[in-house]
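Trainee: A single structure is presented below for examination.
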Amino acid sequence: MLLCPADTLSAFMHLFAFSVDLISYLTQFEWDMAKYPIKQPLKNISEALAKQVTQIETDLKTRSAAYNNIKGNLQSLEKKTVGNLLTRTLADIVHKEDFVLNSEYLITLLVVVPKRYEGFAMSNHSSGFPSHRMIAEDAEGGLFTVTLFRKVMDDFKAKARENRFMVREFYFDEKELKCEKEELMKLASDKKQQYGPLLRWLKVNFSEAFVAWIHVKALRVFVESVLRYGLPVNFQAMLLQPNRKSVKRLRDVLNVVFKHLDEVAAASIMDPGMDIPGLQLSNQEYYPYVYFKIDLSLLDCS
């Protein structure tokens, strides 16, 4: 009758809205004779179902790993574009014209200054350094370029440390910065291109996995019933969906109606401390009738 979803199926349920009406499929369930012919041995049917679901799970792991790899790399690069001026990437802030390049005597440094720019300007001016210019600003401070003679660079860095200004170790490499920007754009494009096909694949294969899942549970009902009641087959499977308030009452009625099928089990329900000889339940529910629970709590079944 009812059951609990497997890990793979649970993963599918969290990913998207379903293309099938699951409740209708359950209430109108019919064994798929074309996919799973009943004239073959039960072992063959079970192996066919397991093979189908295993293949879906393998494909899911491969596809999701590829997508998550791109997503993770993109997030790593995107994290570098946020944060304060002390830590974030400068690729989208600095430009070639901000620097004096390839000079034997001059060098341009990048300095992060807390929000007291006047102090920085006075310090810079009193030290006799040629020029400075603010090129970016955030809530915590400003980013300045300072162009000075190479021979006084160490003195400037020492003076900056005294005033708690941070000189960022940065070398302007136009090709490297371009590659960083292109990599960010490429990963964003790759993520977008993979998302659509992955979502479509999930929708299609969720239906396939769900159908196989319900067939497995139907097979379990049949096998468990034969093991309990023997041959010839003389039992009826049915699906019951009580509301929460009626569950206990329904269970009591079923126990009364079917207690003759297993007197020991029926007695154990009345006395939870009673052991059933030869049966180790490991806290599993056991009743005089065959029972499986289908837990659709992940879905909106209203």
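The way I read the labels, and the way they are meant: chains A, B, ... in the order of the structure tokens, residue 1 as the first residue of every chain, and ligand 1 as the first ligand shown, with later ones counted on from there.
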Enumerate, as number ranges by chain, the complete set of residues in segment 23-247 of chain A that a backbone-based DSSP assignment places in strand (DSSP E or B).
Mentor: A: 106-114, 131-137, 141-149, 166-168
Trainee: Pick out the residues sitting within 7 Å of Lys115 of chain A, and hand them over as a ChimeraX atom specification; count only C-alpha atoms, and ignore anything fewer than 6 positions along from it in its own chain.
Mentor: /A:140-142
Trainee: Hey, can you spit out that residue selection with N, CA, C and O atoms as a short mmCIF file (atom, residue, chain, number, x, y, z; two decimals), in the first residue's frame?
Mentor:
data_model
loop_
_atom_site.label_atom_id
_atom_site.label_comp_id
_atom_site.auth_asym_id
_atom_site.auth_seq_id
_atom_site.Cartn_x
_atom_site.Cartn_y
_atom_site.Cartn_z
N GLU A 140 34.17 52.14 3.72
CA GLU A 140 35.24 52.11 4.71
C GLU A 140 36.43 53.00 4.37
O GLU A 140 37.24 53.34 5.23
N GLY A 141 36.56 53.34 3.10
CA GLY A 141 37.70 54.16 2.73
C GLY A 141 37.82 54.35 1.24
O GLY A 141 36.88 54.08 0.48
N GLY A 142 39.00 54.80 0.80
CA GLY A 142 39.22 55.07 -0.61
C GLY A 142 40.46 54.36 -1.11
O GLY A 142 41.37 54.01 -0.35
#
Trainee: In terms of the shortest atom-to-atom distance over only C-alpha atoms, which of A:Phe144, A:Phe222, A:Trp201, A:Tyr291 is closest to Asp59 of chain A?
Mentor: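 Comparing A:Phe144, A:Phe222, A:Trp201, A:Tyr291 against Asp59 of chain A, the winner is A:Trp201.
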Trainee: Take atom CA of Leu42 of chain A and atom CA of Trp213 of chain A and report the distance between them in Å, one decimal.
Mentor: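 Going from atom CA of Leu42 of chain A over to atom CA of Trp213 of chain A, I get 15.5 Å.
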Trainee: Report as JSON, numbers by chain all protein, DNA and RNA residues lying within 10 Å of Leu239 of chain A, evaluated on only C-alpha atoms, omitting residues in the same chain fewer than 2 positions from it.
Mentor: {"A": [1, 2, 26, 27, 28, 29, 237, 241, 242, 292, 293, 294]}
Trainee: Please produce a file of the residues just selected, as a PDB file, in the first residue's frame, where the atoms kept are N, CA, C and O atoms.
Mentor:
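Result written to part-v2.pdb:
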ATOM      1  N   MET A   1       0.808  -1.194   0.000  1.00  0.00           N
ATOM      2  CA  MET A   1       0.000   0.000   0.000  1.00  0.00           C
ATOM      3  C   MET A   1       0.858   1.267   0.000  1.00  0.00           C
ATOM      4  O   MET A   1       0.753   2.085  -0.849  1.00  0.00           O
ATOM      5  N   LEU A   2       1.715   1.577   0.952  1.00  0.00           N
ATOM      6  CA  LEU A   2       2.351   2.886   0.996  1.00  0.00           C
ATOM      7  C   LEU A   2       3.835   2.808   1.375  1.00  0.00           C
ATOM      8  O   LEU A   2       4.292   1.779   1.809  1.00  0.00           O
ATOM      9  N   LEU A  26      -1.128   7.922  -8.668  1.00  0.00           N
ATOM     10  CA  LEU A  26      -1.238   6.897  -7.631  1.00  0.00           C
ATOM     11  C   LEU A  26      -2.643   6.301  -7.568  1.00  0.00           C
ATOM     12  O   LEU A  26      -2.814   5.088  -7.510  1.00  0.00           O
ATOM     13  N   THR A  27      -3.646   7.169  -7.572  1.00  0.00           N
ATOM     14  CA  THR A  27      -5.018   6.677  -7.431  1.00  0.00           C
ATOM     15  C   THR A  27      -5.490   5.909  -8.660  1.00  0.00           C
ATOM     16  O   THR A  27      -6.402   5.087  -8.573  1.00  0.00           O
ATOM     17  N   GLN A  28      -4.862   6.163  -9.808  1.00  0.00           N
ATOM     18  CA  GLN A  28      -5.241   5.479 -11.037  1.00  0.00           C
ATOM     19  C   GLN A  28      -4.144   4.518 -11.513  1.00  0.00           C
ATOM     20  O   GLN A  28      -4.082   4.156 -12.685  1.00  0.00           O
ATOM     21  N   PHE A  29      -3.296   4.094 -10.597  1.00  0.00           N
ATOM     22  CA  PHE A  29      -2.142   3.285 -10.965  1.00  0.00           C
ATOM     23  C   PHE A  29      -2.534   1.962 -11.630  1.00  0.00           C
ATOM     24  O   PHE A  29      -3.417   1.250 -11.164  1.00  0.00           O
ATOM     25  N   ALA A 237      -4.989  -5.300  -3.233  1.00  0.00           N
ATOM     26  CA  ALA A 237      -4.231  -4.108  -2.812  1.00  0.00           C
ATOM     27  C   ALA A 237      -5.097  -2.871  -3.007  1.00  0.00           C
ATOM     28  O   ALA A 237      -5.888  -2.797  -3.946  1.00  0.00           O
ATOM     29  N   GLN A 241      -6.008   7.225   1.697  1.00  0.00           N
ATOM     30  CA  GLN A 241      -5.413   8.519   2.021  1.00  0.00           C
ATOM     31  C   GLN A 241      -6.299   9.229   3.043  1.00  0.00           C
ATOM     32  O   GLN A 241      -7.049  10.148   2.726  1.00  0.00           O
ATOM     33  N   PRO A 242      -6.177   8.850   4.317  1.00  0.00           N
ATOM     34  CA  PRO A 242      -7.007   9.488   5.349  1.00  0.00           C
ATOM     35  C   PRO A 242      -6.433  10.848   5.733  1.00  0.00           C
ATOM     36  O   PRO A 242      -5.242  11.108   5.540  1.00  0.00           O
ATOM     37  N   PHE A 292       2.434  -0.551   3.503  1.00  0.00           N
ATOM     38  CA  PHE A 292       3.569   0.293   3.124  1.00  0.00           C
ATOM     39  C   PHE A 292       3.081   1.739   3.068  1.00  0.00           C
ATOM     40  O   PHE A 292       1.974   2.005   2.605  1.00  0.00           O
ATOM     41  N   LYS A 293       3.927   2.644   3.527  1.00  0.00           N
ATOM     42  CA  LYS A 293       3.558   4.055   3.553  1.00  0.00           C
ATOM     43  C   LYS A 293       4.210   4.811   2.414  1.00  0.00           C
ATOM     44  O   LYS A 293       5.406   4.712   2.193  1.00  0.00           O
ATOM     45  N   ILE A 294       3.415   5.567   1.679  1.00  0.00           N
ATOM     46  CA  ILE A 294       3.938   6.483   0.661  1.00  0.00           C
ATOM     47  C   ILE A 294       3.920   7.878   1.274  1.00  0.00           C
ATOM     48  O   ILE A 294       2.865   8.450   1.489  1.00  0.00           O
TER      49      ILE A 294
END
Trainee: When distances are computed from only C-alpha atoms, which of A:Ser64, A:Thr58, A:Ser207, A:Gln40 shows the smallest separation from Tyr195 of chain A?
Mentor: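 Result for the nearest residue to Tyr195 of chain A: A:Ser64.
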Trainee: Kindly give the distance, in Å, that separates atom CA of Lys203 of chain A and atom CA of Val53 of chain A, rounded to a single decimal.
Mentor: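 Pair atom CA of Lys203 of chain A / atom CA of Val53 of chain A returns 14.6 Å.
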Trainee: Please identify every residue of segment 160-279 of chain A that has at least one atom no farther than 7 Å from an atom of segment 68-86 of chain A, counting only C-alpha atoms, and for each give the shortest atom pair and the distance in Å to one decimal, arranged by chain then increasing number, as a tab-separated table.
Mentor:
residue	atom	partner	partner_atom	distance
A:Leu184	CA	A:Leu74	CA	6.6
A:Leu187	CA	A:Leu74	CA	5.7
A:Ala188	CA	A:Leu74	CA	6.6
A:Lys191	CA	A:Ile70	CA	6.2
Trainee: Give me, as a list of chain:residue names, all polymer residues having an atom no more than 10 Å from Gln194 of chain A, counting only C-alpha atoms and skipping those fewer than 3 positions away in the same chain.
Mentor: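 Here the qualifying residues turn out to be A:Arg63, A:Ser64, A:Ala66, A:Tyr67, A:Ile70, A:Ser189, A:Asp190, A:Lys191, A:Pro197, A:Leu198, A:Leu199.
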Trainee: Could the residues in this selection be written to a file with N, CA and C atoms, as a short mmCIF file (atom, residue, chain, number, x, y, z; two decimals), in the first residue's frame?
Mentor:
data_model
loop_
_atom_site.label_atom_id
_atom_site.label_comp_id
_atom_site.auth_asym_id
_atom_site.auth_seq_id
_atom_site.Cartn_x
_atom_site.Cartn_y
_atom_site.Cartn_z
N ARG A 63 25.65 14.85 -14.32
CA ARG A 63 25.17 16.15 -14.79
C ARG A 63 25.22 17.21 -13.69
N SER A 64 24.80 16.84 -12.49
CA SER A 64 24.79 17.82 -11.40
C SER A 64 26.20 18.19 -10.98
N ALA A 66 28.83 18.34 -12.98
CA ALA A 66 29.34 19.27 -13.99
C ALA A 66 28.77 20.66 -13.77
N TYR A 67 27.47 20.73 -13.49
CA TYR A 67 26.83 22.03 -13.27
C TYR A 67 27.35 22.69 -11.99
N ILE A 70 30.85 24.24 -12.36
CA ILE A 70 30.81 25.57 -12.99
C ILE A 70 30.26 26.61 -12.02
N SER A 189 28.18 32.44 -18.63
CA SER A 189 27.53 31.94 -19.83
C SER A 189 27.35 30.43 -19.79
N ASP A 190 28.39 29.71 -19.35
CA ASP A 190 28.32 28.25 -19.26
C ASP A 190 27.25 27.80 -18.28
N LYS A 191 27.16 28.51 -17.16
CA LYS A 191 26.14 28.17 -16.16
C LYS A 191 24.74 28.33 -16.74
N PRO A 197 19.07 22.87 -20.08
CA PRO A 197 19.07 21.44 -20.39
C PRO A 197 19.01 20.56 -19.14
N LEU A 198 19.70 20.96 -18.07
CA LEU A 198 19.68 20.17 -16.84
C LEU A 198 18.28 20.14 -16.25
N LEU A 199 17.61 21.28 -16.25
CA LEU A 199 16.25 21.34 -15.71
C LEU A 199 15.30 20.48 -16.53
#
Trainee: Pick from A:Met238, A:Lys35, A:Asn44, A:Ile93: nearest to Ala136 of chain A, with only C-alpha atoms counted?
Mentor: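 Looking at the shortest contact to Ala136 of chain A, the residue is A:Ile93.
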Trainee: Name all residues at most 12 Å from Arg251 of chain A (count only C-alpha atoms; drop same-chain ones fewer than 5 positions away) and give them as an mmCIF file with N, CA, C and O atoms, in the first residue's frame.
Mentor:
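For reference, selection.cif as written:
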data_model
loop_
_atom_site.group_PDB
_atom_site.id
_atom_site.type_symbol
_atom_site.label_atom_id
_atom_site.label_comp_id
_atom_site.auth_asym_id
_atom_site.auth_seq_id
_atom_site.Cartn_x
_atom_site.Cartn_y
_atom_site.Cartn_z
ATOM 1 N N LEU A 240 -5.177 4.052 0.443
ATOM 2 C CA LEU A 240 -5.994 4.832 1.356
ATOM 3 C C LEU A 240 -5.264 6.120 1.710
ATOM 4 O O LEU A 240 -4.070 6.103 1.986
ATOM 5 N N GLN A 241 -6.008 7.225 1.697
ATOM 6 C CA GLN A 241 -5.413 8.519 2.021
ATOM 7 C C GLN A 241 -6.299 9.229 3.043
ATOM 8 O O GLN A 241 -7.049 10.148 2.726
ATOM 9 N N PRO A 242 -6.177 8.850 4.317
ATOM 10 C CA PRO A 242 -7.007 9.488 5.349
ATOM 11 C C PRO A 242 -6.433 10.848 5.733
ATOM 12 O O PRO A 242 -5.242 11.108 5.540
ATOM 13 N N ARG A 244 -5.328 13.570 8.675
ATOM 14 C CA ARG A 244 -4.548 13.294 9.877
ATOM 15 C C ARG A 244 -5.407 12.923 11.076
ATOM 16 O O ARG A 244 -5.032 12.074 11.890
ATOM 17 N N LYS A 245 -6.565 13.536 11.205
ATOM 18 C CA LYS A 245 -7.436 13.276 12.348
ATOM 19 C C LYS A 245 -8.041 11.877 12.306
ATOM 20 O O LYS A 245 -8.459 11.351 13.339
ATOM 21 N N SER A 246 -8.091 11.279 11.099
ATOM 22 C CA SER A 246 -8.754 9.987 10.954
ATOM 23 C C SER A 246 -7.798 8.801 10.961
ATOM 24 O O SER A 246 -8.250 7.658 10.888
ATOM 25 N N VAL A 256 -9.380 -4.379 13.498
ATOM 26 C CA VAL A 256 -10.536 -5.210 13.847
ATOM 27 C C VAL A 256 -10.937 -6.095 12.666
ATOM 28 O O VAL A 256 -11.189 -7.300 12.825
ATOM 29 N N VAL A 257 -10.963 -5.514 11.465
ATOM 30 C CA VAL A 257 -11.411 -6.256 10.282
ATOM 31 C C VAL A 257 -10.444 -7.375 9.913
ATOM 32 O O VAL A 257 -10.852 -8.473 9.516
ATOM 33 N N PHE A 258 -9.141 -7.138 10.068
ATOM 34 C CA PHE A 258 -8.153 -8.097 9.561
ATOM 35 C C PHE A 258 -7.373 -8.823 10.660
ATOM 36 O O PHE A 258 -6.384 -9.508 10.352
ATOM 37 N N LYS A 259 -7.797 -8.704 11.904
ATOM 38 C CA LYS A 259 -7.026 -9.341 12.974
ATOM 39 C C LYS A 259 -6.987 -10.856 12.851
ATOM 40 O O LYS A 259 -6.043 -11.501 13.318
ATOM 41 N N ALA A 266 -2.074 -8.788 15.768
ATOM 42 C CA ALA A 266 -3.185 -7.989 16.275
ATOM 43 C C ALA A 266 -3.069 -7.794 17.775
ATOM 44 O O ALA A 266 -3.322 -6.709 18.300
ATOM 45 N N ILE A 269 -0.463 -5.202 18.750
ATOM 46 C CA ILE A 269 -0.912 -3.813 18.569
ATOM 47 C C ILE A 269 -1.605 -3.337 19.839
ATOM 48 O O ILE A 269 -1.440 -2.194 20.274
ATOM 49 N N MET A 270 -2.379 -4.233 20.449
ATOM 50 C CA MET A 270 -3.049 -3.890 21.697
ATOM 51 C C MET A 270 -2.033 -3.786 22.847
ATOM 52 O O MET A 270 -2.212 -3.013 23.771
ATOM 53 N N GLU A 285 6.836 -0.686 11.726
ATOM 54 C CA GLU A 285 5.422 -0.941 11.970
ATOM 55 C C GLU A 285 5.014 -2.278 11.352
ATOM 56 O O GLU A 285 5.364 -2.574 10.211
ATOM 57 N N TYR A 286 4.287 -3.064 12.120
ATOM 58 C CA TYR A 286 3.832 -4.368 11.635
ATOM 59 C C TYR A 286 2.369 -4.525 12.019
ATOM 60 O O TYR A 286 1.974 -4.280 13.164
ATOM 61 N N TYR A 287 1.543 -4.953 11.042
ATOM 62 C CA TYR A 287 0.107 -5.095 11.258
ATOM 63 C C TYR A 287 -0.352 -6.438 10.696
ATOM 64 O O TYR A 287 0.399 -7.111 9.980
ATOM 65 N N PRO A 288 -1.589 -6.849 11.007
ATOM 66 C CA PRO A 288 -2.090 -8.125 10.483
ATOM 67 C C PRO A 288 -2.192 -8.118 8.948
ATOM 68 O O PRO A 288 -2.286 -9.167 8.327
ATOM 69 N N TYR A 289 -2.204 -6.970 8.353
ATOM 70 C CA TYR A 289 -2.295 -6.820 6.906
ATOM 71 C C TYR A 289 -0.975 -6.233 6.397
ATOM 72 O O TYR A 289 -0.198 -5.659 7.153
ATOM 73 N N TYR A 291 1.325 -3.580 4.844
ATOM 74 C CA TYR A 291 1.210 -2.120 4.870
ATOM 75 C C TYR A 291 2.515 -1.465 4.452
ATOM 76 O O TYR A 291 3.587 -1.810 4.949
#
Trainee: Quick check, in Å to one decimal: how far apart do atom CA of His132 of chain A and atom CA of Glu97 of chain A lie?
Mentor: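 Atom CA of Glu97 of chain A lies 13.3 Å from atom CA of His132 of chain A.
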Trainee: From a backbone DSSP assignment, name each residue in segment 10-136 of chain A labelled helix (DSSP H, G or I), as a PyMOL selection string.
Mentor: chain A and resi 10-15+22-27+42-79+96-98+117-126
